[in-house]
>>> print(open('query.pdb').read())   # PDB, C-alpha atoms, pLDDT in the B column
ATOM      1  CA  MET A   1      -1.762 -18.076   8.255  1.00 40.00           C
ATOM      2  CA  LYS A   2       0.835 -15.640   9.552  1.00 38.00           C
ATOM      3  CA  ARG A   3       3.496 -18.325   9.106  1.00 41.00           C
ATOM      4  CA  LEU A   4       2.346 -18.910   5.522  1.00 40.00           C
ATOM      5  CA  ALA A   5       2.425 -15.172   4.820  1.00 41.00           C
ATOM      6  CA  ALA A   6       5.898 -14.907   6.350  1.00 43.00           C
ATOM      7  CA  ALA A   7       7.105 -17.848   4.273  1.00 42.00           C
ATOM      8  CA  ALA A   8       5.687 -16.312   1.099  1.00 42.00           C
ATOM      9  CA  LEU A   9       7.333 -12.979   1.905  1.00 43.00           C
ATOM     10  CA  ALA A  10      10.642 -14.712   2.635  1.00 41.00           C
ATOM     11  CA  LEU A  11      10.456 -16.512  -0.721  1.00 41.00           C
ATOM     12  CA  TRP A  12       9.627 -13.210  -2.452  1.00 42.00           C
ATOM     13  CA  LEU A  13      12.584 -11.492  -0.819  1.00 42.00           C
ATOM     14  CA  LEU A  14      14.808 -14.455  -1.743  1.00 41.00           C
ATOM     15  CA  LEU A  15      13.801 -14.244  -5.391  1.00 40.00           C
ATOM     16  CA  ALA A  16      13.957 -10.429  -5.588  1.00 42.00           C
ATOM     17  CA  PRO A  17      17.733 -10.161  -6.168  1.00 43.00           C
ATOM     18  CA  ALA A  18      17.403 -12.616  -9.063  1.00 38.00           C
ATOM     19  CA  VAL A  19      14.799 -10.370 -10.662  1.00 45.00           C
ATOM     20  CA  ALA A  20      17.030  -7.352 -10.161  1.00 40.00           C
ATOM     21  CA  GLU A  21      20.057  -9.210 -11.516  1.00 44.00           C
ATOM     22  CA  GLY A  22      18.162 -10.300 -14.612  1.00 44.00           C
ATOM     23  CA  ALA A  23      16.849  -6.810 -15.162  1.00 48.00           C
ATOM     24  CA  GLY A  24      20.202  -5.089 -14.677  1.00 64.00           C
ATOM     25  CA  CYS A  25      20.230  -1.557 -13.307  1.00 87.00           C
ATOM     26  CA  VAL A  26      16.726  -0.328 -12.431  1.00 91.00           C
ATOM     27  CA  GLU A  27      16.334   3.452 -12.408  1.00 94.00           C
ATOM     28  CA  MET A  28      13.051   4.698 -10.962  1.00 96.00           C
ATOM     29  CA  GLU A  29      11.827   8.299 -10.914  1.00 96.00           C
ATOM     30  CA  ILE A  30       8.765   8.318  -8.653  1.00 96.00           C
ATOM     31  CA  TYR A  31       6.299  11.204  -8.442  1.00 96.00           C
ATOM     32  CA  LEU A  32       3.874  11.299  -5.529  1.00 91.00           C
ATOM     33  CA  ILE A  33       1.984  13.647  -3.274  1.00 85.00           C
ATOM     34  CA  ASP A  34       1.447  13.215   0.445  1.00 75.00           C
ATOM     35  CA  PRO A  35      -2.320  13.609   1.039  1.00 63.00           C
ATOM     36  CA  CYS A  36      -2.051  14.161   4.793  1.00 58.00           C
ATOM     37  CA  GLY A  37       0.645  16.833   4.711  1.00 55.00           C
ATOM     38  CA  GLY A  38       2.779  14.997   7.252  1.00 56.00           C
ATOM     39  CA  CYS A  39       5.933  15.415   5.213  1.00 58.00           C
ATOM     40  CA  ALA A  40       5.588  19.152   4.748  1.00 51.00           C
ATOM     41  CA  GLY A  41       3.499  20.674   7.517  1.00 46.00           C
ATOM     42  CA  ARG A  42       3.515  24.179   6.132  1.00 44.00           C
ATOM     43  CA  VAL A  43       5.040  24.976   2.740  1.00 47.00           C
ATOM     44  CA  GLY A  44       8.778  24.371   2.580  1.00 46.00           C
ATOM     45  CA  SER A  45       9.159  22.764   5.995  1.00 45.00           C
ATOM     46  CA  GLY A  46       8.174  19.725   7.990  1.00 47.00           C
ATOM     47  CA  CYS A  47       9.612  16.501   9.348  1.00 51.00           C
ATOM     48  CA  GLY A  48      10.623  15.165   5.925  1.00 54.00           C
ATOM     49  CA  SER A  49       8.826  11.857   6.486  1.00 64.00           C
ATOM     50  CA  CYS A  50       6.181  10.640   4.036  1.00 73.00           C
ATOM     51  CA  THR A  51       4.250   7.431   4.628  1.00 72.00           C
ATOM     52  CA  ILE A  52       3.504   6.942   0.927  1.00 80.00           C
ATOM     53  CA  GLN A  53       7.167   7.266   0.052  1.00 84.00           C
ATOM     54  CA  ASP A  54       8.147   4.823   2.799  1.00 83.00           C
ATOM     55  CA  GLU A  55       5.628   2.260   1.568  1.00 83.00           C
ATOM     56  CA  ILE A  56       6.758   2.542  -2.052  1.00 89.00           C
ATOM     57  CA  ALA A  57      10.425   2.254  -1.091  1.00 90.00           C
ATOM     58  CA  VAL A  58       9.774  -0.878   0.992  1.00 88.00           C
ATOM     59  CA  ARG A  59       7.751  -2.481  -1.807  1.00 89.00           C
ATOM     60  CA  TYR A  60      10.238  -1.860  -4.605  1.00 92.00           C
ATOM     61  CA  ARG A  61      13.245  -2.865  -2.513  1.00 91.00           C
ATOM     62  CA  ALA A  62      11.445  -6.102  -1.673  1.00 88.00           C
ATOM     63  CA  LEU A  63      10.663  -6.612  -5.362  1.00 87.00           C
ATOM     64  CA  PHE A  64      14.051  -5.775  -6.863  1.00 87.00           C
ATOM     65  CA  GLY A  65      16.546  -5.922  -4.000  1.00 86.00           C
ATOM     66  CA  ASN A  66      18.973  -3.085  -3.329  1.00 83.00           C
ATOM     67  CA  ASP A  67      21.716  -3.953  -5.819  1.00 84.00           C
ATOM     68  CA  GLY A  68      21.279  -2.000  -9.023  1.00 86.00           C
ATOM     69  CA  LEU A  69      18.106  -0.234  -7.832  1.00 91.00           C
ATOM     70  CA  GLN A  70      18.163   3.555  -7.950  1.00 93.00           C
ATOM     71  CA  MET A  71      15.075   5.365  -6.682  1.00 94.00           C
ATOM     72  CA  ARG A  72      14.564   9.104  -6.812  1.00 94.00           C
ATOM     73  CA  PHE A  73      11.414  10.552  -5.256  1.00 93.00           C
ATOM     74  CA  HIS A  74       9.645  13.768  -6.221  1.00 93.00           C
ATOM     75  CA  ASN A  75       7.109  14.684  -3.530  1.00 88.00           C
ATOM     76  CA  LEU A  76       4.863  17.320  -5.053  1.00 87.00           C
ATOM     77  CA  ARG A  77       3.788  18.442  -1.573  1.00 80.00           C
ATOM     78  CA  MET A  78       7.300  19.861  -1.255  1.00 80.00           C
ATOM     79  CA  ASP A  79       7.342  21.310  -4.791  1.00 81.00           C
ATOM     80  CA  VAL A  80       7.221  24.963  -3.762  1.00 80.00           C
ATOM     81  CA  ASP A  81       8.070  26.492  -7.142  1.00 87.00           C
ATOM     82  CA  GLY A  82       6.196  23.944  -9.304  1.00 87.00           C
ATOM     83  CA  THR A  83       9.330  22.627 -11.031  1.00 92.00           C
ATOM     84  CA  ASP A  84       8.594  18.955 -10.364  1.00 93.00           C
ATOM     85  CA  GLN A  85       4.962  19.335 -11.463  1.00 93.00           C
ATOM     86  CA  ASP A  86       5.998  20.976 -14.740  1.00 95.00           C
ATOM     87  CA  GLU A  87       8.563  18.241 -15.327  1.00 95.00           C
ATOM     88  CA  LEU A  88       5.991  15.530 -14.605  1.00 96.00           C
ATOM     89  CA  ASP A  89       3.423  17.068 -16.969  1.00 95.00           C
ATOM     90  CA  ALA A  90       6.041  17.266 -19.725  1.00 95.00           C
ATOM     91  CA  ARG A  91       7.140  13.663 -19.233  1.00 94.00           C
ATOM     92  CA  MET A  92       3.549  12.394 -19.264  1.00 93.00           C
ATOM     93  CA  ALA A  93       2.814  14.386 -22.406  1.00 92.00           C
ATOM     94  CA  GLN A  94       5.920  12.901 -23.992  1.00 92.00           C
ATOM     95  CA  ALA A  95       4.594   9.446 -23.056  1.00 90.00           C
ATOM     96  CA  GLY A  96       1.373  10.308 -24.882  1.00 90.00           C
ATOM     97  CA  VAL A  97      -0.958  10.423 -21.875  1.00 91.00           C
ATOM     98  CA  ASP A  98      -3.090  13.175 -20.367  1.00 91.00           C
ATOM     99  CA  PRO A  99      -1.515  14.218 -17.041  1.00 89.00           C
ATOM    100  CA  ASP A 100      -4.963  14.877 -15.565  1.00 89.00           C
ATOM    101  CA  ALA A 101      -6.083  11.311 -16.372  1.00 89.00           C
ATOM    102  CA  VAL A 102      -3.256   9.498 -14.566  1.00 91.00           C
ATOM    103  CA  PRO A 103      -3.454   9.392 -10.751  1.00 89.00           C
ATOM    104  CA  LEU A 104      -0.381   9.640  -8.551  1.00 90.00           C
ATOM    105  CA  PRO A 105       1.847   7.963  -7.553  1.00 92.00           C
ATOM    106  CA  VAL A 106       3.545   7.147 -10.838  1.00 95.00           C
ATOM    107  CA  ALA A 107       7.002   5.803 -11.631  1.00 96.00           C
ATOM    108  CA  PHE A 108       9.202   6.197 -14.671  1.00 97.00           C
ATOM    109  CA  VAL A 109      11.096   2.909 -14.786  1.00 96.00           C
ATOM    110  CA  ASN A 110      14.142   3.201 -17.033  1.00 94.00           C
ATOM    111  CA  GLY A 111      12.130   5.957 -18.712  1.00 93.00           C
ATOM    112  CA  ALA A 112       8.805   4.088 -19.142  1.00 95.00           C
ATOM    113  CA  LEU A 113       5.688   5.275 -17.298  1.00 96.00           C
ATOM    114  CA  PHE A 114       3.895   2.978 -14.826  1.00 96.00           C
ATOM    115  CA  LEU A 115       1.346   3.413 -12.047  1.00 94.00           C
ATOM    116  CA  ALA A 116       3.213   3.109  -8.741  1.00 93.00           C
ATOM    117  CA  ASP A 117       0.274   2.079  -6.560  1.00 88.00           C
ATOM    118  CA  GLY A 118       1.188  -1.621  -6.806  1.00 87.00           C
ATOM    119  CA  SER A 119      -1.273  -2.459  -9.580  1.00 87.00           C
ATOM    120  CA  MET A 120       1.429  -2.539 -12.277  1.00 92.00           C
ATOM    121  CA  ASP A 121       4.263  -4.183 -10.336  1.00 92.00           C
ATOM    122  CA  ASP A 122       3.981  -7.391 -12.363  1.00 92.00           C
ATOM    123  CA  ALA A 123       4.053  -5.320 -15.555  1.00 94.00           C
ATOM    124  CA  ILE A 124       7.222  -3.561 -14.359  1.00 95.00           C
ATOM    125  CA  VAL A 125       8.939  -6.895 -13.773  1.00 93.00           C
ATOM    126  CA  ASP A 126       7.837  -8.131 -17.210  1.00 94.00           C
ATOM    127  CA  TYR A 127       9.033  -4.906 -18.846  1.00 95.00           C
ATOM    128  CA  LEU A 128      12.468  -5.195 -17.256  1.00 92.00           C
ATOM    129  CA  GLU A 129      12.780  -8.863 -18.205  1.00 93.00           C
ATOM    130  CA  THR A 130      11.314  -8.811 -21.723  1.00 94.00           C
ATOM    131  CA  GLY A 131      11.030  -5.164 -22.796  1.00 93.00           C
ATOM    132  CA  ALA A 132       7.252  -5.503 -23.286  1.00 94.00           C
ATOM    133  CA  TYR A 133       5.540  -2.248 -22.301  1.00 93.00           C
ATOM    134  CA  PRO A 134       1.741  -2.338 -21.840  1.00 92.00           C
ATOM    135  CA  GLY A 135       1.215   1.403 -21.236  1.00 91.00           C
ATOM    136  CA  VAL A 136      -0.881   2.830 -18.423  1.00 93.00           C
ATOM    137  CA  GLU A 137      -4.118   3.180 -20.398  1.00 91.00           C
ATOM    138  CA  ALA A 138      -4.990  -0.524 -20.158  1.00 88.00           C
ATOM    139  CA  ALA A 139      -4.280  -0.520 -16.419  1.00 88.00           C
ATOM    140  CA  LEU A 140      -6.525   2.531 -15.919  1.00 89.00           C
ATOM    141  CA  ARG A 141      -9.346   0.875 -17.883  1.00 88.00           C
ATOM    142  CA  GLU A 142      -9.028  -2.268 -15.774  1.00 84.00           C
ATOM    143  CA  GLN A 143      -9.153  -0.208 -12.586  1.00 79.00           C
ATOM    144  CA  ALA A 144     -12.285   1.636 -13.763  1.00 82.00           C
ATOM    145  CA  GLU A 145     -14.023  -1.639 -14.639  1.00 82.00           C
ATOM    146  CA  TYR A 146     -12.952  -3.136 -11.337  1.00 71.00           C
ATOM    147  CA  ARG A 147     -14.342  -0.199  -9.329  1.00 71.00           C
ATOM    148  CA  ALA A 148     -17.593  -0.254 -11.289  1.00 75.00           C
ATOM    149  CA  ASN A 149     -18.253  -3.967 -10.757  1.00 75.00           C
ATOM    150  CA  ARG A 150     -16.922  -4.795  -7.316  1.00 70.00           C
ATOM    151  CA  GLN A 151     -18.687  -4.771  -3.981  1.00 75.00           C
ATOM    152  CA  PRO A 152     -16.825  -2.649  -1.410  1.00 81.00           C
ATOM    153  CA  GLY A 153     -15.038  -4.622   1.270  1.00 90.00           C
ATOM    154  CA  ARG A 154     -14.522  -4.038   4.973  1.00 93.00           C
ATOM    155  CA  VAL A 155     -11.111  -3.617   6.618  1.00 95.00           C
ATOM    156  CA  VAL A 156     -10.663  -3.777  10.397  1.00 96.00           C
ATOM    157  CA  TYR A 157      -7.797  -1.871  11.980  1.00 97.00           C
ATOM    158  CA  LEU A 158      -6.545  -2.308  15.552  1.00 97.00           C
ATOM    159  CA  TYR A 159      -4.240   0.425  16.825  1.00 97.00           C
ATOM    160  CA  SER A 160      -2.925   2.236  19.863  1.00 96.00           C
ATOM    161  CA  GLU A 161      -2.640   5.995  20.189  1.00 92.00           C
ATOM    162  CA  TYR A 162       0.738   5.427  21.862  1.00 93.00           C
ATOM    163  CA  CYS A 163       2.156   3.519  18.875  1.00 93.00           C
ATOM    164  CA  GLU A 164       4.348   5.416  16.377  1.00 92.00           C
ATOM    165  CA  SER A 165       3.885   2.780  13.677  1.00 92.00           C
ATOM    166  CA  CYS A 166       0.123   3.051  14.170  1.00 94.00           C
ATOM    167  CA  ARG A 167       0.291   6.771  13.450  1.00 91.00           C
ATOM    168  CA  ASP A 168       2.099   6.008  10.176  1.00 89.00           C
ATOM    169  CA  ILE A 169      -0.485   3.398   9.205  1.00 92.00           C
ATOM    170  CA  SER A 170      -3.375   5.689  10.156  1.00 91.00           C
ATOM    171  CA  ARG A 171      -2.075   8.282   7.680  1.00 86.00           C
ATOM    172  CA  TRP A 172      -1.370   5.639   5.024  1.00 86.00           C
ATOM    173  CA  LEU A 173      -4.892   4.207   5.237  1.00 89.00           C
ATOM    174  CA  THR A 174      -6.297   7.482   3.898  1.00 82.00           C
ATOM    175  CA  TYR A 175      -5.134   6.318   0.469  1.00 78.00           C
ATOM    176  CA  GLY A 176      -4.029   2.704   1.037  1.00 82.00           C
ATOM    177  CA  ILE A 177      -7.533   1.264   0.762  1.00 88.00           C
ATOM    178  CA  PRO A 178     -10.202   2.171  -1.826  1.00 85.00           C
ATOM    179  CA  ALA A 179     -12.184   5.263  -0.915  1.00 81.00           C
ATOM    180  CA  ASP A 180     -15.538   3.468  -0.767  1.00 84.00           C
ATOM    181  CA  TYR A 181     -14.325   0.648   1.473  1.00 90.00           C
ATOM    182  CA  GLU A 182     -15.510   0.475   5.058  1.00 92.00           C
ATOM    183  CA  LEU A 183     -12.668   0.980   7.533  1.00 94.00           C
ATOM    184  CA  VAL A 184     -13.533  -0.028  11.093  1.00 94.00           C
ATOM    185  CA  ALA A 185     -10.885   1.125  13.588  1.00 96.00           C
ATOM    186  CA  TYR A 186     -10.542   0.147  17.249  1.00 96.00           C
ATOM    187  CA  ASP A 187      -8.193   1.562  19.870  1.00 97.00           C
ATOM    188  CA  ILE A 188      -7.044  -1.478  21.866  1.00 96.00           C
ATOM    189  CA  TYR A 189      -6.985   0.592  25.065  1.00 95.00           C
ATOM    190  CA  THR A 190     -10.757   1.001  25.028  1.00 95.00           C
ATOM    191  CA  PRO A 191     -13.165  -1.720  26.246  1.00 94.00           C
ATOM    192  CA  GLU A 192     -14.531  -2.165  22.719  1.00 94.00           C
ATOM    193  CA  GLY A 193     -11.019  -2.381  21.272  1.00 95.00           C
ATOM    194  CA  GLN A 194      -9.920  -4.916  23.888  1.00 95.00           C
ATOM    195  CA  ALA A 195     -12.924  -7.084  23.053  1.00 94.00           C
ATOM    196  CA  MET A 196     -12.133  -6.933  19.331  1.00 94.00           C
ATOM    197  CA  GLU A 197      -8.481  -7.724  20.047  1.00 95.00           C
ATOM    198  CA  GLU A 198      -9.420 -10.848  22.028  1.00 95.00           C
ATOM    199  CA  TYR A 199     -11.950 -11.862  19.381  1.00 94.00           C
ATOM    200  CA  PHE A 200      -9.474 -11.714  16.479  1.00 96.00           C
ATOM    201  CA  ILE A 201      -6.626 -13.353  18.391  1.00 96.00           C
ATOM    202  CA  GLU A 202      -8.922 -16.273  19.188  1.00 95.00           C
ATOM    203  CA  THR A 203     -10.849 -16.633  15.914  1.00 94.00           C
ATOM    204  CA  LEU A 204      -7.809 -16.153  13.644  1.00 95.00           C
ATOM    205  CA  ASP A 205      -5.482 -18.145  15.927  1.00 96.00           C
ATOM    206  CA  ILE A 206      -2.887 -15.359  16.017  1.00 96.00           C
ATOM    207  CA  PRO A 207       0.192 -16.525  17.963  1.00 95.00           C
ATOM    208  CA  ALA A 208       1.085 -14.363  20.945  1.00 93.00           C
ATOM    209  CA  GLU A 209       4.644 -13.924  19.686  1.00 95.00           C
ATOM    210  CA  ALA A 210       3.407 -12.661  16.296  1.00 95.00           C
ATOM    211  CA  TYR A 211       0.672 -10.311  17.509  1.00 96.00           C
ATOM    212  CA  CYS A 212       1.293  -6.571  17.594  1.00 96.00           C
ATOM    213  CA  VAL A 213      -0.364  -3.341  16.576  1.00 96.00           C
ATOM    214  CA  PRO A 214      -0.907  -1.934  14.095  1.00 97.00           C
ATOM    215  CA  LEU A 215      -2.971  -4.960  13.071  1.00 97.00           C
ATOM    216  CA  ILE A 216      -5.110  -5.158   9.939  1.00 97.00           C
ATOM    217  CA  VAL A 217      -7.723  -7.849   9.410  1.00 97.00           C
ATOM    218  CA  TYR A 218      -9.157  -8.317   5.917  1.00 96.00           C
ATOM    219  CA  GLY A 219     -11.537 -11.216   5.530  1.00 93.00           C
ATOM    220  CA  ASP A 220      -9.825 -14.091   7.298  1.00 93.00           C
ATOM    221  CA  GLU A 221      -6.294 -12.779   6.786  1.00 95.00           C
ATOM    222  CA  TRP A 222      -4.318 -10.631   9.180  1.00 96.00           C
ATOM    223  CA  PHE A 223      -1.237  -8.456   8.889  1.00 96.00           C
ATOM    224  CA  ALA A 224       0.667  -7.398  11.997  1.00 96.00           C
ATOM    225  CA  GLY A 225       3.166  -4.555  11.999  1.00 95.00           C
ATOM    226  CA  LYS A 226       3.766  -1.635   9.671  1.00 91.00           C
ATOM    227  CA  GLU A 227       5.965  -3.394   7.130  1.00 88.00           C
ATOM    228  CA  SER A 228       3.641  -6.386   6.769  1.00 91.00           C
ATOM    229  CA  ILE A 229       0.677  -4.051   6.162  1.00 92.00           C
ATOM    230  CA  TYR A 230       2.613  -1.998   3.613  1.00 87.00           C
ATOM    231  CA  LEU A 231       3.676  -5.094   1.699  1.00 83.00           C
ATOM    232  CA  SER A 232       0.483  -7.137   1.758  1.00 86.00           C
ATOM    233  CA  LEU A 233      -2.780  -5.238   2.215  1.00 90.00           C
ATOM    234  CA  ALA A 234      -3.054  -3.466  -1.151  1.00 84.00           C
ATOM    235  CA  SER A 235      -2.293  -6.638  -3.113  1.00 80.00           C
ATOM    236  CA  ARG A 236      -4.855  -8.642  -1.105  1.00 86.00           C
ATOM    237  CA  ILE A 237      -7.531  -6.045  -1.805  1.00 86.00           C
ATOM    238  CA  GLN A 238      -6.711  -6.162  -5.516  1.00 79.00           C
ATOM    239  CA  GLU A 239      -6.770  -9.967  -5.555  1.00 81.00           C
ATOM    240  CA  PHE A 240      -9.863 -10.369  -3.339  1.00 85.00           C
ATOM    241  CA  PRO A 241     -11.790  -7.105  -3.730  1.00 82.00           C
ATOM    242  CA  ASP A 242     -15.028  -7.821  -1.860  1.00 83.00           C
ATOM    243  CA  ARG A 243     -14.067  -9.448   1.413  1.00 90.00           C
ATOM    244  CA  GLN A 244     -16.213  -8.426   4.356  1.00 89.00           C
ATOM    245  CA  THR A 245     -14.335  -8.812   7.644  1.00 93.00           C
ATOM    246  CA  THR A 246     -16.630 -10.177  10.337  1.00 90.00           C
ATOM    247  CA  ILE A 247     -16.588  -8.056  13.482  1.00 86.00           C
ATOM    248  CA  LEU A 248     -17.661  -8.908  17.005  1.00 74.00           C
ATOM    249  CA  GLU A 249     -20.803  -6.776  16.809  1.00 67.00           C
ATOM    250  CA  GLN A 250     -22.128  -8.955  13.980  1.00 63.00           C
ATOM    251  CA  ILE A 251     -21.588 -12.120  16.030  1.00 54.00           C
ATOM    252  CA  GLN A 252     -23.391 -10.573  19.026  1.00 52.00           C
ATOM    253  CA  GLU A 253     -26.320  -9.457  16.841  1.00 53.00           C
ATOM    254  CA  ASP A 254     -26.707 -12.958  15.415  1.00 48.00           C
TER     255      ASP A 254
END
>>> encode(input="query.pdb", output="structure tokens")
Amino acid sequence: MKRLAAAALALWLLLAPAVAEGAGCVEMEIYLIDPCGGCAGRVGSGCGSCTIQDEIAVRYRALFGNDGLQMRFHNLRMDVDGTDQDELDARMAQAGVDPDAVPLPVAFVNGALFLADGSMDDAIVDYLETGAYPGVEAALREQAEYRANRQPGRVVYLYSEYCESCRDISRWLTYGIPADYELVAYDIYTPEGQAMEEYFIETLDIPAEAYCVPLIVYGDEWFAGKESIYLSLASRIQEFPDRQTTILEQIQED
């Protein structure tokens, strides 16, 4: 399964420059806020690193390639004087939407407003290729219907406290999966975590050379490493919203 996922990602990356070439120059103004505060620490300072921004940058570069893609980020956590927030409110009002009704992150793509959480990526590609703009209202209605009708899924997360990438993913998971999903996390340096690690490696047939933490298991699919999780998990949840990952405790109970 990992090989299939890698092949699909390779094909996606191979096709991405063609999308960018057909679309011409892609200018993206992206507004976001870091929910964990890791980028700012206290107001006006911090390490300058934001997991949400990293994930968005990886996703759009994979989608469009680097040639002709211009991304500018506005992290409202760092917006000390409120200038970016005022600008965002004005741009949303100009687009005819209520700023309070549209969740962040959002992206203005060549001036048109889109949700930047991954749910409108196909619509962005279509807009750049054909000029057809669906607006964000339909996407928000679909999301509301989806949340109202779906059964929450379960995501399993294997990590190590000594792993820098795991720390990034731990922060990202605070918004990267739906709020009502069950997130079951295991530190692989605990007896319980070691047992779960052995269980998933065996049951999912994860090759030794491909295994690493952070590791996410969703249903019967697995994603190893920060970049793979960034690129794949959100889209899998959107496509298969109710998967319940089997964990070792369930097997033992049965």
>>> atom_distance(input="query.pdb", atom1="atom CA of A:Gln244", atom2="atom CA of A:Asp54")
27.8 Å
>>> residues_near_point(input="query.pdb", point="(10.5, 2.0, -14.5)", cutoff="8 Å", atoms="all atoms listed in the file", output="PyMOL selection string")
chain A and resi 26-29+107-114+124+128
>>> residues_around(input="query.pdb", residues="stretch 86-101 of chain A", least_positions_apart="3", cutoff="12 Å", atoms="only C-alpha atoms", output="CSV table (one decimal) with C-alpha atoms, keeping the file's coordinate frame")
chain,number,residue,atom,x,y,z
A,29,GLU,CA,11.8,8.3,-10.9
A,30,ILE,CA,8.8,8.3,-8.7
A,31,TYR,CA,6.3,11.2,-8.4
A,32,LEU,CA,3.9,11.3,-5.5
A,73,PHE,CA,11.4,10.6,-5.3
A,74,HIS,CA,9.6,13.8,-6.2
A,75,ASN,CA,7.1,14.7,-3.5
A,76,LEU,CA,4.9,17.3,-5.1
A,79,ASP,CA,7.3,21.3,-4.8
A,80,VAL,CA,7.2,25.0,-3.8
A,81,ASP,CA,8.1,26.5,-7.1
A,82,GLY,CA,6.2,23.9,-9.3
A,83,THR,CA,9.3,22.6,-11.0
A,104,LEU,CA,-0.4,9.6,-8.6
A,105,PRO,CA,1.8,8.0,-7.6
A,106,VAL,CA,3.5,7.1,-10.8
A,107,ALA,CA,7.0,5.8,-11.6
A,108,PHE,CA,9.2,6.2,-14.7
A,111,GLY,CA,12.1,6.0,-18.7
A,112,ALA,CA,8.8,4.1,-19.1
A,113,LEU,CA,5.7,5.3,-17.3
A,114,PHE,CA,3.9,3.0,-14.8
A,115,LEU,CA,1.3,3.4,-12.0
A,133,TYR,CA,5.5,-2.2,-22.3
A,135,GLY,CA,1.2,1.4,-21.2
A,136,VAL,CA,-0.9,2.8,-18.4
A,137,GLU,CA,-4.1,3.2,-20.4
A,138,ALA,CA,-5.0,-0.5,-20.2
A,139,ALA,CA,-4.3,-0.5,-16.4
A,140,LEU,CA,-6.5,2.5,-15.9
A,141,ARG,CA,-9.3,0.9,-17.9
A,144,ALA,CA,-12.3,1.6,-13.8
>>> resolve_selection(input="query.pdb", expression="the PyMOL selection byres ((chain A and resi 247) around 12)", output="mmCIF file with C-alpha atoms, in the coordinates of the input")
data_model
loop_
_atom_site.group_PDB
_atom_site.id
_atom_site.type_symbol
_atom_site.label_atom_id
_atom_site.label_comp_id
_atom_site.auth_asym_id
_atom_site.auth_seq_id
_atom_site.Cartn_x
_atom_site.Cartn_y
_atom_site.Cartn_z
ATOM 1 C CA ARG A 154 -14.522 -4.038 4.973
ATOM 2 C CA VAL A 155 -11.111 -3.617 6.618
ATOM 3 C CA VAL A 156 -10.663 -3.777 10.397
ATOM 4 C CA TYR A 157 -7.797 -1.871 11.980
ATOM 5 C CA LEU A 158 -6.545 -2.308 15.552
ATOM 6 C CA LEU A 183 -12.668 0.980 7.533
ATOM 7 C CA VAL A 184 -13.533 -0.028 11.093
ATOM 8 C CA ALA A 185 -10.885 1.125 13.588
ATOM 9 C CA TYR A 186 -10.542 0.147 17.249
ATOM 10 C CA GLU A 192 -14.531 -2.165 22.719
ATOM 11 C CA GLY A 193 -11.019 -2.381 21.272
ATOM 12 C CA ALA A 195 -12.924 -7.084 23.053
ATOM 13 C CA MET A 196 -12.133 -6.933 19.331
ATOM 14 C CA GLU A 197 -8.481 -7.724 20.047
ATOM 15 C CA GLU A 198 -9.420 -10.848 22.028
ATOM 16 C CA TYR A 199 -11.950 -11.862 19.381
ATOM 17 C CA PHE A 200 -9.474 -11.714 16.479
ATOM 18 C CA THR A 203 -10.849 -16.633 15.914
ATOM 19 C CA LEU A 204 -7.809 -16.153 13.644
ATOM 20 C CA VAL A 217 -7.723 -7.849 9.410
ATOM 21 C CA TYR A 218 -9.157 -8.317 5.917
ATOM 22 C CA GLY A 219 -11.537 -11.216 5.530
ATOM 23 C CA ASP A 220 -9.825 -14.091 7.298
ATOM 24 C CA GLN A 244 -16.213 -8.426 4.356
ATOM 25 C CA THR A 245 -14.335 -8.812 7.644
ATOM 26 C CA THR A 246 -16.630 -10.177 10.337
ATOM 27 C CA LEU A 248 -17.661 -8.908 17.005
ATOM 28 C CA GLU A 249 -20.803 -6.776 16.809
ATOM 29 C CA GLN A 250 -22.128 -8.955 13.980
ATOM 30 C CA ILE A 251 -21.588 -12.120 16.030
ATOM 31 C CA GLN A 252 -23.391 -10.573 19.026
ATOM 32 C CA GLU A 253 -26.320 -9.457 16.841
ATOM 33 C CA ASP A 254 -26.707 -12.958 15.415
#
>>> residues_near_point(input="query.pdb", point="(0.0, 3.5, 12.0)", cutoff="12 Å", atoms="all atoms listed in the file", output="short mmCIF file (atom, residue, chain, number, x, y, z; two decimals) with C-alpha atoms, in the frame of the given file")
data_model
loop_
_atom_site.label_atom_id
_atom_site.label_comp_id
_atom_site.auth_asym_id
_atom_site.auth_seq_id
_atom_site.Cartn_x
_atom_site.Cartn_y
_atom_site.Cartn_z
CA THR A 51 4.25 7.43 4.63
CA GLU A 55 5.63 2.26 1.57
CA TYR A 157 -7.80 -1.87 11.98
CA LEU A 158 -6.54 -2.31 15.55
CA TYR A 159 -4.24 0.42 16.82
CA SER A 160 -2.92 2.24 19.86
CA GLU A 161 -2.64 6.00 20.19
CA TYR A 162 0.74 5.43 21.86
CA CYS A 163 2.16 3.52 18.88
CA GLU A 164 4.35 5.42 16.38
CA SER A 165 3.88 2.78 13.68
CA CYS A 166 0.12 3.05 14.17
CA ARG A 167 0.29 6.77 13.45
CA ASP A 168 2.10 6.01 10.18
CA ILE A 169 -0.48 3.40 9.20
CA SER A 170 -3.38 5.69 10.16
CA ARG A 171 -2.08 8.28 7.68
CA TRP A 172 -1.37 5.64 5.02
CA LEU A 173 -4.89 4.21 5.24
CA THR A 174 -6.30 7.48 3.90
CA GLY A 176 -4.03 2.70 1.04
CA ALA A 185 -10.88 1.12 13.59
CA ASP A 187 -8.19 1.56 19.87
CA CYS A 212 1.29 -6.57 17.59
CA VAL A 213 -0.36 -3.34 16.58
CA PRO A 214 -0.91 -1.93 14.10
CA LEU A 215 -2.97 -4.96 13.07
CA ILE A 216 -5.11 -5.16 9.94
CA ALA A 224 0.67 -7.40 12.00
CA GLY A 225 3.17 -4.56 12.00
CA LYS A 226 3.77 -1.64 9.67
CA GLU A 227 5.96 -3.39 7.13
CA SER A 228 3.64 -6.39 6.77
CA ILE A 229 0.68 -4.05 6.16
CA TYR A 230 2.61 -2.00 3.61
#
>>> atom_distance(input="query.pdb", atom1="atom CA of A:Glu129", atom2="atom CA of A:Asp117")
20.3 Å
>>> atom_distance(input="query.pdb", atom1="atom CA of A:Ile237", atom2="atom CA of A:Ala208")
25.7 Å
